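Just target-v8.cif here, mmCIF, C-alpha atoms (C1' of nucleotides):
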```cif
data_structure
#
loop_
_atom_site.label_atom_id
_atom_site.label_comp_id
_atom_site.auth_asym_id
_atom_site.auth_seq_id
_atom_site.Cartn_x
_atom_site.Cartn_y
_atom_site.Cartn_z
CA MET L 1 0.00 0.00 0.00
CA ASP L 2 2.02 2.92 -1.32
CA GLY L 3 2.06 6.06 0.71
CA PHE L 4 0.30 4.40 3.62
CA GLU L 5 2.68 5.94 6.06
CA TYR L 6 1.68 9.40 4.90
CA GLU L 7 -2.01 8.89 5.50
CA ASN L 8 -2.29 7.69 9.06
CA GLY L 9 -1.73 9.18 12.44
CA LEU L 10 1.31 7.05 13.22
CA ASN L 11 3.54 9.08 10.95
CA GLN L 12 5.53 11.52 12.99
CA ASP L 13 6.43 13.77 10.09
CA LEU L 14 4.50 16.70 8.66
CA ASP L 15 2.97 16.65 5.20
CA SER L 16 4.84 18.75 2.68
CA GLU L 17 2.15 21.38 2.19
CA THR L 18 1.89 22.14 5.90
CA LEU L 19 5.65 22.15 6.14
CA PHE L 20 5.86 24.64 3.29
CA ILE L 21 3.31 27.04 4.75
CA VAL L 22 4.77 26.87 8.25
CA SER L 23 8.33 27.43 7.11
CA GLN L 24 7.32 30.24 4.76
CA THR L 25 5.43 32.01 7.50
CA PHE L 26 8.19 31.68 10.07
CA LYS L 27 10.67 32.83 7.45
CA ALA L 28 8.58 35.95 6.98
CA LEU L 29 8.86 36.57 10.72
CA GLY L 30 12.57 35.83 10.72
CA ASP L 31 13.77 39.19 9.47
CA PRO L 32 14.26 42.26 11.69
CA THR L 33 12.87 44.69 9.13
CA ARG L 34 9.70 42.68 8.60
CA ILE L 35 9.26 42.23 12.33
CA ARG L 36 9.52 45.98 12.86
CA ILE L 37 6.98 46.63 10.12
CA LEU L 38 4.52 44.04 11.44
CA ASN L 39 5.00 45.24 15.00
CA LEU L 40 4.15 48.76 13.89
CA LEU L 41 1.12 47.55 11.94
CA SER L 42 -0.03 45.63 15.00
CA LYS L 43 -0.47 49.01 16.67
CA LYS L 44 -1.98 51.01 13.84
CA GLU L 45 -2.75 51.14 10.17
CA CYS L 46 0.05 53.03 8.38
CA SER L 47 0.81 54.52 5.01
CA VAL L 48 4.05 53.45 3.38
CA ASN L 49 5.53 56.83 4.18
CA GLU L 50 4.58 56.59 7.84
CA ILE L 51 6.42 53.29 8.03
CA VAL L 52 9.43 54.78 6.24
CA GLU L 53 9.58 57.73 8.63
CA THR L 54 8.69 55.95 11.84
CA LEU L 55 11.17 53.15 11.37
CA ASP L 56 13.75 55.09 9.33
CA ILE L 57 14.01 52.52 6.58
CA ARG L 58 14.40 53.37 2.89
CA GLN L 59 11.21 53.59 0.91
CA SER L 60 12.18 50.90 -1.57
CA THR L 61 13.07 48.51 1.23
CA VAL L 62 9.72 49.08 2.92
CA SER L 63 7.93 48.61 -0.36
CA HIS L 64 9.76 45.37 -1.14
CA GLN L 65 9.06 43.97 2.29
CA LEU L 66 5.41 44.98 2.14
CA ARG L 67 5.09 43.12 -1.12
CA PHE L 68 6.68 40.09 0.52
CA LEU L 69 4.22 40.26 3.42
CA LYS L 70 1.33 40.90 1.05
CA ASN L 71 2.14 37.77 -0.97
CA LEU L 72 1.84 35.73 2.20
CA ARG L 73 -1.39 37.54 3.08
CA LEU L 74 0.11 38.83 6.29
CA VAL L 75 -0.78 42.41 5.38
CA LYS L 76 -3.39 44.15 3.24
CA TYR L 77 -3.94 47.73 2.11
CA ARG L 78 -6.59 50.22 1.15
CA ARG L 79 -6.08 53.17 -1.14
CA GLU L 80 -6.91 56.80 -0.38
CA GLY L 81 -5.85 58.99 -3.24
CA THR L 82 -2.21 58.33 -3.91
CA THR L 83 -1.68 57.00 -0.43
CA LEU L 84 -1.82 53.31 0.46
CA TYR L 85 -2.71 52.42 4.02
CA TYR L 86 -1.36 49.08 5.12
CA SER L 87 -2.64 46.96 7.98
CA HIS L 88 -2.13 43.42 9.21
CA ASP L 89 -4.27 40.68 7.71
CA ASP L 90 -3.64 37.56 9.79
CA GLU L 91 -4.74 37.80 13.40
CA HIS L 92 -3.31 34.45 14.31
CA VAL L 93 0.16 35.18 12.99
CA MET L 94 0.11 38.58 14.69
CA LEU L 95 -0.76 36.84 17.94
CA ILE L 96 2.18 34.49 17.48
CA LEU L 97 4.44 37.46 16.83
CA LYS L 98 3.24 39.15 19.99
CA GLN L 99 3.80 35.98 21.99
CA MET L 100 7.36 35.68 20.74
CA ILE L 101 8.08 39.33 21.51
CA ASP L 102 6.73 38.87 25.03
CA HIS L 103 8.75 35.69 25.40
CA ALA L 104 11.92 37.49 24.29
CA CYS L 105 11.29 40.42 26.62
CA HIS L 106 10.82 38.25 29.67
CA SER L 107 13.74 35.93 29.05
CA MET W 1 17.82 64.31 26.18
CA ASP W 2 19.58 61.79 24.01
CA GLY W 3 17.93 58.47 23.49
CA PHE W 4 14.73 59.65 25.13
CA GLU W 5 12.61 58.15 22.41
CA TYR W 6 14.05 54.74 23.17
CA GLU W 7 13.16 54.81 26.82
CA ASN W 8 9.48 55.57 26.98
CA GLY W 9 6.33 53.77 26.01
CA LEU W 10 5.50 56.11 23.18
CA ASN W 11 8.07 54.57 20.89
CA GLN W 12 6.42 52.15 18.54
CA ASP W 13 9.58 50.31 17.63
CA LEU W 14 11.22 47.35 19.38
CA ASP W 15 14.54 47.59 21.16
CA SER W 16 17.39 45.99 19.27
CA GLU W 17 18.01 43.15 21.69
CA THR W 18 14.41 41.97 21.60
CA LEU W 19 14.43 42.36 17.85
CA PHE W 20 17.54 40.23 17.60
CA ILE W 21 16.20 37.41 19.77
CA VAL W 22 12.82 37.38 18.06
CA SER W 23 14.23 37.35 14.57
CA GLN W 24 16.82 34.70 15.45
CA THR W 25 14.19 32.45 16.93
CA PHE W 26 11.78 32.82 14.04
CA LYS W 27 14.66 32.24 11.65
CA ALA W 28 15.33 28.97 13.43
CA LEU W 29 11.72 28.00 12.81
CA GLY W 30 11.86 29.14 9.21
CA ASP W 31 13.57 26.10 7.77
CA PRO W 32 11.75 22.89 6.78
CA THR W 33 14.47 20.59 8.09
CA ARG W 34 14.57 22.25 11.50
CA ILE W 35 10.78 22.27 11.69
CA ARG W 36 10.68 18.54 11.00
CA ILE W 37 13.31 17.89 13.65
CA LEU W 38 11.57 20.04 16.25
CA ASN W 39 8.20 18.53 15.40
CA LEU W 40 9.64 15.08 15.94
CA LEU W 41 11.23 16.13 19.22
CA SER W 42 7.90 17.59 20.32
CA LYS W 43 6.61 14.01 20.28
CA LYS W 44 9.53 12.16 21.79
CA GLU W 45 13.13 12.33 22.81
CA CYS W 46 15.30 10.97 19.98
CA SER W 47 18.85 9.93 19.31
CA VAL W 48 20.56 11.51 16.31
CA ASN W 49 20.23 8.24 14.45
CA GLU W 50 16.52 8.00 15.15
CA ILE W 51 16.09 11.46 13.65
CA VAL W 52 18.21 10.50 10.65
CA GLU W 53 16.18 7.37 10.02
CA THR W 54 12.72 8.69 10.85
CA LEU W 55 13.05 11.78 8.71
CA ASP W 56 15.45 10.38 6.11
CA ILE W 57 17.93 13.22 6.34
CA ARG W 58 21.69 12.78 6.16
CA GLN W 59 23.51 12.43 9.42
CA SER W 60 25.72 15.47 8.92
CA THR W 61 22.73 17.64 8.08
CA VAL W 62 20.90 16.52 11.22
CA SER W 63 23.99 17.10 13.28
CA HIS W 64 24.52 20.59 11.86
CA GLN W 65 20.91 21.56 12.47
CA LEU W 66 20.94 20.16 15.99
CA ARG W 67 23.94 22.31 16.75
CA PHE W 68 22.10 25.31 15.36
CA LEU W 69 19.08 24.56 17.56
CA LYS W 70 21.31 23.86 20.53
CA ASN W 71 23.01 27.25 20.22
CA LEU W 72 19.63 28.91 20.48
CA ARG W 73 18.75 26.66 23.44
CA LEU W 74 15.81 25.23 21.56
CA VAL W 75 17.04 21.67 22.14
CA LYS W 76 19.20 19.89 24.71
CA TYR W 77 20.67 16.39 24.96
CA ARG W 78 21.72 13.73 27.38
CA ARG W 79 24.36 11.12 26.75
CA GLU W 80 23.93 7.37 27.14
CA GLY W 81 27.09 5.58 26.09
CA THR W 82 27.93 6.76 22.58
CA THR W 83 24.36 7.76 21.93
CA LEU W 84 23.07 11.30 22.40
CA TYR W 85 19.37 11.70 23.09
CA TYR W 86 18.01 15.05 22.03
CA SER W 87 14.85 16.69 23.31
CA HIS W 88 13.28 20.12 23.10
CA ASP W 89 14.33 22.75 25.61
CA ASP W 90 11.94 25.67 25.17
CA GLU W 91 8.32 24.92 25.95
CA HIS W 92 7.12 28.31 24.81
CA VAL W 93 8.76 28.12 21.40
CA MET W 94 7.43 24.58 20.96
CA LEU W 95 3.96 25.86 21.75
CA ILE W 96 4.36 28.57 19.14
CA LEU W 97 5.48 25.96 16.62
CA LYS W 98 2.45 23.82 17.40
CA GLN W 99 0.15 26.81 17.01
CA MET W 100 1.59 27.64 13.62
CA ILE W 101 1.28 24.04 12.46
CA ASP W 102 -2.36 23.97 13.57
CA HIS W 103 -2.94 27.29 11.87
CA ALA W 104 -1.43 26.00 8.63
CA CYS W 105 -3.45 22.78 8.75
CA HIS W 106 -6.76 24.55 9.21
CA SER W 107 -6.22 27.24 6.61
"C1'" DT V 1 -1.66 68.25 -20.11
"C1'" DC V 2 2.06 68.81 -16.86
"C1'" DC V 3 3.81 68.64 -12.31
"C1'" DT V 4 4.01 66.72 -7.83
"C1'" DT V 5 3.64 63.27 -4.51
"C1'" DA V 6 3.24 58.41 -3.22
"C1'" DT V 7 4.44 53.97 -4.11
"C1'" DA V 8 6.19 50.00 -6.86
"C1'" DT V 9 9.54 47.64 -9.58
"C1'" DG V 10 13.92 45.78 -11.72
"C1'" DA V 11 18.65 44.84 -11.57
"C1'" DA V 12 22.78 44.16 -9.15
"C1'" DC V 13 25.59 43.29 -5.30
"C1'" DA V 14 26.99 41.58 -0.86
"C1'" DC V 15 26.08 38.40 2.27
"C1'" DA V 16 23.89 34.39 4.58
"C1'" DT V 17 22.22 29.78 4.47
"C1'" DT V 18 21.96 24.86 3.47
"C1'" DA V 19 23.33 20.38 2.30
"C1'" DG V 20 26.76 17.18 1.29
"C1'" DC V 21 31.24 14.99 1.39
"C1'" DA V 22 35.11 13.71 3.78
"C1'" DT V 23 37.07 13.30 7.95
"C1'" DA V 24 37.65 13.89 12.91
"C1'" DT V 25 36.39 12.80 17.62
"C1'" DA V 26 34.50 10.14 21.36
"C1'" DT V 27 32.82 6.10 23.73
"C1'" DT V 28 32.45 1.29 24.37
"C1'" DG V 29 33.81 -3.41 24.20
"C1'" DA V 30 36.98 -7.10 22.82
"C1'" DT N 1 45.33 -1.16 22.08
"C1'" DC N 2 42.24 -1.82 18.23
"C1'" DA N 3 37.83 -2.00 15.99
"C1'" DA N 4 33.14 -0.58 15.75
"C1'" DT N 5 29.57 2.59 16.37
"C1'" DA N 6 27.63 7.24 17.14
"C1'" DT N 7 28.09 11.84 16.47
"C1'" DA N 8 30.47 16.25 15.31
"C1'" DT N 9 33.13 19.27 12.41
"C1'" DG N 10 35.52 21.76 8.40
"C1'" DC N 11 35.11 22.97 3.91
"C1'" DT N 12 32.79 23.96 -0.29
"C1'" DA N 13 29.34 24.69 -3.90
"C1'" DA N 14 24.84 26.05 -4.80
"C1'" DT N 15 21.24 28.70 -3.67
"C1'" DG N 16 18.62 32.16 -1.31
"C1'" DT N 17 18.00 36.78 0.89
"C1'" DG N 18 18.01 41.77 1.92
"C1'" DT N 19 19.24 46.29 0.60
"C1'" DT N 20 20.20 49.84 -2.52
"C1'" DC N 21 20.03 52.71 -6.61
"C1'" DA N 22 17.70 54.10 -10.45
"C1'" DT N 23 13.62 54.31 -12.61
"C1'" DA N 24 8.73 53.36 -13.55
"C1'" DT N 25 3.88 53.82 -12.55
"C1'" DA N 26 -0.24 55.86 -10.71
"C1'" DA N 27 -3.31 59.39 -8.83
"C1'" DG N 28 -4.59 64.09 -7.95
"C1'" DG N 29 -4.44 68.97 -8.61
"C1'" DA N 30 -3.25 73.28 -11.26
#
```

Show this structure as structure tokens.
Amino acid sequence: MDGFEYENGLNQDLDSETLFIVSQTFKALGDPTRIRILNLLSKKECSVNEIVETLDIRQSTVSHQLRFLKNLRLVKYRREGTTLYYSHDDEHVMLILKQMIDHACHS
Amino acid sequence: MDGFEYENGLNQDLDSETLFIVSQTFKALGDPTRIRILNLLSKKECSVNEIVETLDIRQSTVSHQLRFLKNLRLVKYRREGTTLYYSHDDEHVMLILKQMIDHACHS
DNA sequence: TCCTTATATGAACACATTAGCATATATTGA
DNA sequence: TCAATATATGCTAATGTGTTCATATAAGGA
């Protein structure tokens, strides 16, 4: 019975799709710049320029990282004129981020 | 007053030490091989060889990744003869891993 | 339409990461 | 001491990642 070991509860390994999503998401959280952006967005919706000025990161860097986070559906945006307001888009991941920050602070 | 903005609660950014720990830890979780190893160790203590055979990963790769996880104090080991038994060493991080896996499964 | 502001994109570079091979080390038992 | 087993380490090639500069696009107002 081919693939049996991948279909029952005895297998101690993760299926490849779950593994991919989990590693991708943690990878997104594994960069200081992205963490700072997400941490800021956890507090308030921000335009790209607000992020640039608050965190003192170059505009193109912020834009690249926002695209990265957008692709993973970790952030979303709404337009108002020429301004784009970004906000977080995954409550659960934001909660995990907060937990890790708290864990790091108290360790 | 130099550095004032880094010492009060108004600052929306994270301090650099917290940022470093958080990003390092998430980076550790951002690799499929390390996730598989940690997931296995979340279920039971394992020797290096058990990890190698259960997950079908080369011995040197497992050993390298275990050292990586050990440096971050995410795993620990005990010796029994020539065999080293590894287990997880950070309940909170393991809980975060479990949460992310559950999140990925149900999405 | 033209200018200005806001944001996105593409290319290139420096740097980090990962896996694999070969080999080293360490422990046990004969 | 020597062999066998278990694990760690050094090096390297391939690949991936993050930032920057320069430039493009898009929307609004004059």

Tell me as a PyMOL selection string which residues belonging to chain V come within 10 Å of chain W, counting only C-alpha atoms (C1' of nucleotides).
chain V and resi 17-21+26-28

Near chain L, meaning an atom within 12 Å, which residues of chain N appear when counting all atoms listed in the file? Write them as a list of chain:residue names.
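In the required form, that comes to N:DG16, N:DT17, N:DG18, N:DT19, N:DT20, N:DC21, N:DA22, N:DT23, N:DT25, N:DA26, N:DA27, N:DG28, N:DG29.
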
Please evaluate the PyMOL selection byres ((chain L) within 7 of (chain W)) against the structure above and give the resulting residues as JSON, numbers by chain.
{"L": [12, 13, 14, 18, 19, 21, 22, 23, 24, 26, 27, 29, 30, 31, 32, 36, 40, 96, 100, 101, 104, 105]}

In Å, with one decimal, what is the gap from CA of Asp89 (chain L) to CA of Ser47 (chain L)?
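Distance between the two atoms: 15.0 Å.
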
Å distance separating C1' of DT25 (chain V) from CA of Arg67 (chain W), one decimal place
15.7 Å

Computed interatomic separation between C1' of DT9 (chain N) and CA of Ser87 (chain W) (Å)
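About the pair C1' of DT9 (chain N) and CA of Ser87 (chain W): they are 21.4 Å apart.
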
Can you pull out every residue within 12 Å of DA24 (chain V), counting only C-alpha atoms (C1' of nucleotides), but drop anything in the same chain fewer than 5 positions away, and send it as a list in words?
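In the requested form, the answer reads DT7, DA8, DT9 and DG10 of chain N.
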
Could you dump the residues just selected with C-alpha atoms (C1' of nucleotides) as a compact mmCIF listing (two decimals), in the frame of the given file?
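Generated output (selection28.txt):
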```txt
# COMPACT_ATOMS: atom_id res chain seq x y z
C1' DT N 7 28.09 11.84 16.47
C1' DA N 8 30.47 16.25 15.31
C1' DT N 9 33.13 19.27 12.41
C1' DG N 10 35.52 21.76 8.40
```

So which residues touch Tyr77 (chain W) within 8 Å, counting only C-alpha atoms (C1' of nucleotides), skipping near sequence neighbours fewer than 4 positions away, as a list in words?
Leu84, Tyr85, Tyr86 and Ser87 of chain W

Quick one: apply the PyMOL selection byres ((chain V and resi 3) around 10) to the file and drop the selected residues here as a ChimeraX atom specification.
/V:1-2,4-5 /N:29-30

Incomplete region 66-77 of chain L brought to all heavy atoms, written out as a PDB file, keeping the file's coordinate frame:
```pdb
ATOM      1  N   LEU L  66       6.868  45.008   2.107  1.00  0.00           N
ATOM      2  CA  LEU L  66       5.410  44.980   2.140  1.00  0.00           C
ATOM      3  C   LEU L  66       4.859  44.045   1.076  1.00  0.00           C
ATOM      4  O   LEU L  66       3.883  43.332   1.314  1.00  0.00           O
ATOM      5  CB  LEU L  66       4.842  46.396   1.954  1.00  0.00           C
ATOM      6  CG  LEU L  66       4.945  47.314   3.171  1.00  0.00           C
ATOM      7  CD1 LEU L  66       4.552  48.741   2.800  1.00  0.00           C
ATOM      8  CD2 LEU L  66       4.089  46.810   4.328  1.00  0.00           C
ATOM      9  N   ARG L  67       5.525  44.038  -0.075  1.00  0.00           N
ATOM     10  CA  ARG L  67       5.090  43.120  -1.120  1.00  0.00           C
ATOM     11  C   ARG L  67       5.245  41.665  -0.652  1.00  0.00           C
ATOM     12  O   ARG L  67       4.366  40.822  -0.854  1.00  0.00           O
ATOM     13  CB  ARG L  67       5.860  43.344  -2.411  1.00  0.00           C
ATOM     14  CG  ARG L  67       5.408  42.379  -3.508  1.00  0.00           C
ATOM     15  CD  ARG L  67       5.928  42.744  -4.880  1.00  0.00           C
ATOM     16  NE  ARG L  67       7.374  42.877  -4.898  1.00  0.00           N
ATOM     17  CZ  ARG L  67       8.101  43.035  -5.993  1.00  0.00           C
ATOM     18  NH1 ARG L  67       7.504  43.123  -7.168  1.00  0.00           N
ATOM     19  NH2 ARG L  67       9.400  43.144  -5.942  1.00  0.00           N
ATOM     20  N   PHE L  68       6.403  41.422  -0.032  1.00  0.00           N
ATOM     21  CA  PHE L  68       6.680  40.090   0.520  1.00  0.00           C
ATOM     22  C   PHE L  68       5.562  39.672   1.482  1.00  0.00           C
ATOM     23  O   PHE L  68       4.991  38.584   1.385  1.00  0.00           O
ATOM     24  CB  PHE L  68       8.028  40.142   1.251  1.00  0.00           C
ATOM     25  CG  PHE L  68       8.529  38.828   1.784  1.00  0.00           C
ATOM     26  CD1 PHE L  68       9.633  38.211   1.227  1.00  0.00           C
ATOM     27  CD2 PHE L  68       7.917  38.213   2.864  1.00  0.00           C
ATOM     28  CE1 PHE L  68      10.114  37.009   1.736  1.00  0.00           C
ATOM     29  CE2 PHE L  68       8.384  37.004   3.371  1.00  0.00           C
ATOM     30  CZ  PHE L  68       9.481  36.405   2.799  1.00  0.00           C
ATOM     31  N   LEU L  69       5.247  40.559   2.404  1.00  0.00           N
ATOM     32  CA  LEU L  69       4.220  40.260   3.420  1.00  0.00           C
ATOM     33  C   LEU L  69       2.833  40.143   2.794  1.00  0.00           C
ATOM     34  O   LEU L  69       2.004  39.352   3.244  1.00  0.00           O
ATOM     35  CB  LEU L  69       4.234  41.341   4.502  1.00  0.00           C
ATOM     36  CG  LEU L  69       5.524  41.425   5.337  1.00  0.00           C
ATOM     37  CD1 LEU L  69       5.539  42.676   6.201  1.00  0.00           C
ATOM     38  CD2 LEU L  69       5.686  40.172   6.198  1.00  0.00           C
ATOM     39  N   LYS L  70       2.613  40.937   1.762  1.00  0.00           N
ATOM     40  CA  LYS L  70       1.330  40.900   1.050  1.00  0.00           C
ATOM     41  C   LYS L  70       1.145  39.561   0.361  1.00  0.00           C
ATOM     42  O   LYS L  70       0.060  38.978   0.391  1.00  0.00           O
ATOM     43  CB  LYS L  70       1.283  42.039   0.037  1.00  0.00           C
ATOM     44  CG  LYS L  70       0.003  42.179  -0.740  1.00  0.00           C
ATOM     45  CD  LYS L  70      -1.058  42.899   0.066  1.00  0.00           C
ATOM     46  CE  LYS L  70      -2.298  43.185  -0.772  1.00  0.00           C
ATOM     47  NZ  LYS L  70      -2.765  42.048  -1.590  1.00  0.00           N
ATOM     48  N   ASN L  71       2.213  39.065  -0.277  1.00  0.00           N
ATOM     49  CA  ASN L  71       2.140  37.770  -0.970  1.00  0.00           C
ATOM     50  C   ASN L  71       1.751  36.645  -0.025  1.00  0.00           C
ATOM     51  O   ASN L  71       1.065  35.710  -0.430  1.00  0.00           O
ATOM     52  CB  ASN L  71       3.490  37.442  -1.619  1.00  0.00           C
ATOM     53  CG  ASN L  71       3.735  38.274  -2.854  1.00  0.00           C
ATOM     54  OD1 ASN L  71       2.796  38.789  -3.479  1.00  0.00           O
ATOM     55  ND2 ASN L  71       4.993  38.432  -3.228  1.00  0.00           N
ATOM     56  N   LEU L  72       2.190  36.759   1.217  1.00  0.00           N
ATOM     57  CA  LEU L  72       1.840  35.730   2.200  1.00  0.00           C
ATOM     58  C   LEU L  72       0.535  36.055   2.925  1.00  0.00           C
ATOM     59  O   LEU L  72       0.180  35.391   3.897  1.00  0.00           O
ATOM     60  CB  LEU L  72       2.975  35.588   3.223  1.00  0.00           C
ATOM     61  CG  LEU L  72       4.271  34.955   2.729  1.00  0.00           C
ATOM     62  CD1 LEU L  72       5.313  34.959   3.823  1.00  0.00           C
ATOM     63  CD2 LEU L  72       4.014  33.532   2.257  1.00  0.00           C
ATOM     64  N   ARG L  73      -0.128  37.094   2.462  1.00  0.00           N
ATOM     65  CA  ARG L  73      -1.390  37.540   3.080  1.00  0.00           C
ATOM     66  C   ARG L  73      -1.242  37.867   4.562  1.00  0.00           C
ATOM     67  O   ARG L  73      -2.163  37.607   5.357  1.00  0.00           O
ATOM     68  CB  ARG L  73      -2.490  36.470   2.904  1.00  0.00           C
ATOM     69  CG  ARG L  73      -2.924  36.290   1.465  1.00  0.00           C
ATOM     70  CD  ARG L  73      -3.863  35.100   1.325  1.00  0.00           C
ATOM     71  NE  ARG L  73      -3.884  34.595  -0.048  1.00  0.00           N
ATOM     72  CZ  ARG L  73      -4.676  35.047  -1.002  1.00  0.00           C
ATOM     73  NH1 ARG L  73      -5.503  36.028  -0.756  1.00  0.00           N
ATOM     74  NH2 ARG L  73      -4.639  34.534  -2.218  1.00  0.00           N
ATOM     75  N   LEU L  74      -0.099  38.408   4.909  1.00  0.00           N
ATOM     76  CA  LEU L  74       0.110  38.830   6.290  1.00  0.00           C
ATOM     77  C   LEU L  74      -0.281  40.289   6.465  1.00  0.00           C
ATOM     78  O   LEU L  74      -0.562  40.739   7.582  1.00  0.00           O
ATOM     79  CB  LEU L  74       1.578  38.614   6.693  1.00  0.00           C
ATOM     80  CG  LEU L  74       1.915  37.324   7.458  1.00  0.00           C
ATOM     81  CD1 LEU L  74       1.083  36.142   7.026  1.00  0.00           C
ATOM     82  CD2 LEU L  74       3.396  37.021   7.356  1.00  0.00           C
ATOM     83  N   VAL L  75      -0.299  41.034   5.361  1.00  0.00           N
ATOM     84  CA  VAL L  75      -0.780  42.410   5.380  1.00  0.00           C
ATOM     85  C   VAL L  75      -1.729  42.652   4.197  1.00  0.00           C
ATOM     86  O   VAL L  75      -1.749  41.877   3.241  1.00  0.00           O
ATOM     87  CB  VAL L  75       0.377  43.452   5.310  1.00  0.00           C
ATOM     88  CG1 VAL L  75       1.377  43.233   6.435  1.00  0.00           C
ATOM     89  CG2 VAL L  75       1.071  43.410   3.953  1.00  0.00           C
ATOM     90  N   LYS L  76      -2.500  43.704   4.314  1.00  0.00           N
ATOM     91  CA  LYS L  76      -3.390  44.150   3.240  1.00  0.00           C
ATOM     92  C   LYS L  76      -3.315  45.665   3.168  1.00  0.00           C
ATOM     93  O   LYS L  76      -2.688  46.283   4.032  1.00  0.00           O
ATOM     94  CB  LYS L  76      -4.817  43.683   3.513  1.00  0.00           C
ATOM     95  CG  LYS L  76      -5.411  44.299   4.784  1.00  0.00           C
ATOM     96  CD  LYS L  76      -6.826  43.807   5.031  1.00  0.00           C
ATOM     97  CE  LYS L  76      -7.469  44.567   6.189  1.00  0.00           C
ATOM     98  NZ  LYS L  76      -7.890  43.743   7.302  1.00  0.00           N
ATOM     99  N   TYR L  77      -3.934  46.269   2.156  1.00  0.00           N
ATOM    100  CA  TYR L  77      -3.940  47.730   2.110  1.00  0.00           C
ATOM    101  C   TYR L  77      -5.233  48.252   1.529  1.00  0.00           C
ATOM    102  O   TYR L  77      -5.994  47.512   0.894  1.00  0.00           O
ATOM    103  CB  TYR L  77      -2.747  48.257   1.303  1.00  0.00           C
ATOM    104  CG  TYR L  77      -2.779  47.890  -0.159  1.00  0.00           C
ATOM    105  CD1 TYR L  77      -3.545  48.620  -1.079  1.00  0.00           C
ATOM    106  CD2 TYR L  77      -2.037  46.820  -0.645  1.00  0.00           C
ATOM    107  CE1 TYR L  77      -3.577  48.288  -2.424  1.00  0.00           C
ATOM    108  CE2 TYR L  77      -2.055  46.477  -1.980  1.00  0.00           C
ATOM    109  CZ  TYR L  77      -2.836  47.215  -2.869  1.00  0.00           C
ATOM    110  OH  TYR L  77      -2.864  46.872  -4.190  1.00  0.00           O
TER     111      TYR L  77
END
```
